[in-house]
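Some notes on the structure that comes next.
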Amino acid sequence: MTNPKQDTDLLPGNQAGRPRSSGEAEGAGRGGGTEPDADLALVLRVQAGDVSAFGELIDRHQRAIYGIVSRMVTSRDEADDLVQDIFVSAYRAIGSFRREAKLSTWLHTIAVNMTLKRLKKMKRQNMLSIDDPAFGLASTIRAEDDPSPDESLQQRERNDMVRRAIDTLPDKQRIVVVMHYFEQRPCDEIAAILKCSVGTVWSRLHYACRRLRGELRLLQQGL
């Protein structure tokens with residue numbers, strides 16, 4: 001397996017051009033980061049019967065959970081419903097949470113599993129949502145200055161082309177692309193969330209990026 005170094009230039013959040021480890025990701029910032037000690041204090045309150053503490057946990061983590069769900073499920077209503085279901089499931093399972101784990105990792109494991117199950121149930125591939133100007137590919141392909149009408153058309157065409165390319169990825173490859181390049185999570189954390197080896201994460205990233213490059217070439221030739 002080769003290092004997917006040359007395959008990652010089309011994706012955001014990876015200036016080094018290769019997947020990051022947790023050490024490399026430290027200090028990079030994912031936005032909306034949480035403090036483990038504060039999370040644990042809230043978890044203990046929930047486990048003791050304080051329902052309001054779970055509301056505080058939702059406030060702390062809902063943006064991150066919605067981010068990953070909305071990039072896998074294109075329907076906003078479907079994403080909203082799924083995020084609500086994820087937190088309901090988390091509340092029901094909070095008694096099983098153990099202090100050794102990070103709450104964010106535990107929540108993301110629930111979110112990923114439920115999202116993949118929902119996609120399977122829908123029996124169709126869903127495109128990543130990359131229109132949020134604060135996240136993802138859309139921000140990397142927009143011009144900094146106000147574009148001309150011709151440039152706007154080109155950007156819309158490229159956005160659509162990237163969407164179609166990402167839509168071809170199998171769910172297991174797409175989820176690692178979302179978490180690594182859009183959520184900027186390191187490979188070892190993704191492995192913990194998916195309960196697989198770091199090598200498996202690297203492999204999925206490698207084949208996903210190689211497939212994206214091939215699909216983009218085909219789409220460009222068709223323009």
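The way I read the labels, and the way they are meant: chains A, B, ... in the order of the structure tokens, residue 1 as the first residue of every chain, and ligand 1 as the first ligand shown, with later ones counted on from there.
Using only C-alpha atoms, the contacts of Lys117 in chain A at a cut-off of 12 Å, with sequence neighbours closer than 3 positions omitted, comprise Val69, Met72, Val73, Leu82, Ile86, Ile110, Ala111, Val112, Asn113, Met114, Lys120, Lys121, Met122, Lys123, Arg124, Asp171 and Lys172 of chain A.
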Residue set, range 45-110 of chain A restricted to helix (DSSP H, G or I), as a PyMOL selection string: chain A and resi 45-47+51-70+76-96+103-110
Take the residues from that selection and write them out as a CSV table (one decimal), in the first residue's frame, keeping C-alpha atoms.
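The resulting file, result.csv, is reproduced below:
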```
chain,number,residue,atom,x,y,z
A,45,ARG,CA,-24.4,14.5,36.2
A,46,VAL,CA,-26.5,12.8,33.5
A,47,GLN,CA,-25.7,9.3,34.9
A,51,VAL,CA,-31.5,15.5,32.5
A,52,SER,CA,-30.5,19.2,32.0
A,53,ALA,CA,-26.9,18.2,31.9
A,54,PHE,CA,-27.5,16.2,28.8
A,55,GLY,CA,-28.9,19.3,27.2
A,56,GLU,CA,-25.6,21.0,27.9
A,57,LEU,CA,-23.8,18.1,26.2
A,58,ILE,CA,-26.0,18.5,23.2
A,59,ASP,CA,-25.1,22.2,23.0
A,60,ARG,CA,-21.4,21.3,23.2
A,61,HIS,CA,-21.4,18.6,20.5
A,62,GLN,CA,-24.4,19.1,18.2
A,63,ARG,CA,-22.4,21.2,15.7
A,64,ALA,CA,-19.8,18.5,15.2
A,65,ILE,CA,-22.3,15.7,15.0
A,66,TYR,CA,-24.5,17.6,12.5
A,67,GLY,CA,-21.4,18.4,10.4
A,68,ILE,CA,-20.6,14.8,9.8
A,69,VAL,CA,-24.2,13.7,9.3
A,70,SER,CA,-25.0,16.5,6.8
A,76,ARG,CA,-31.6,18.7,5.5
A,77,ASP,CA,-34.8,17.3,7.0
A,78,GLU,CA,-33.3,13.8,7.0
A,79,ALA,CA,-30.1,15.1,8.6
A,80,ASP,CA,-32.0,16.9,11.3
A,81,ASP,CA,-34.0,13.8,12.1
A,82,LEU,CA,-30.9,11.6,12.2
A,83,VAL,CA,-29.0,14.0,14.5
A,84,GLN,CA,-32.0,14.0,16.9
A,85,ASP,CA,-32.1,10.2,16.8
A,86,ILE,CA,-28.3,10.0,17.5
A,87,PHE,CA,-28.6,12.1,20.6
A,88,VAL,CA,-31.7,10.1,21.8
A,89,SER,CA,-29.6,6.9,21.3
A,90,ALA,CA,-26.7,8.5,23.2
A,91,TYR,CA,-28.9,9.5,26.1
A,92,ARG,CA,-30.3,6.0,26.3
A,93,ALA,CA,-26.7,4.6,26.3
A,94,ILE,CA,-25.0,7.1,28.5
A,95,GLY,CA,-25.0,4.8,31.4
A,96,SER,CA,-22.6,2.5,29.5
A,103,LEU,CA,-17.0,11.6,24.9
A,104,SER,CA,-16.5,13.1,21.4
A,105,THR,CA,-15.2,9.8,20.1
A,106,TRP,CA,-18.0,7.9,21.7
A,107,LEU,CA,-20.6,10.2,20.2
A,108,HIS,CA,-19.0,10.0,16.8
A,109,THR,CA,-19.0,6.2,16.9
A,110,ILE,CA,-22.8,6.3,17.5
```
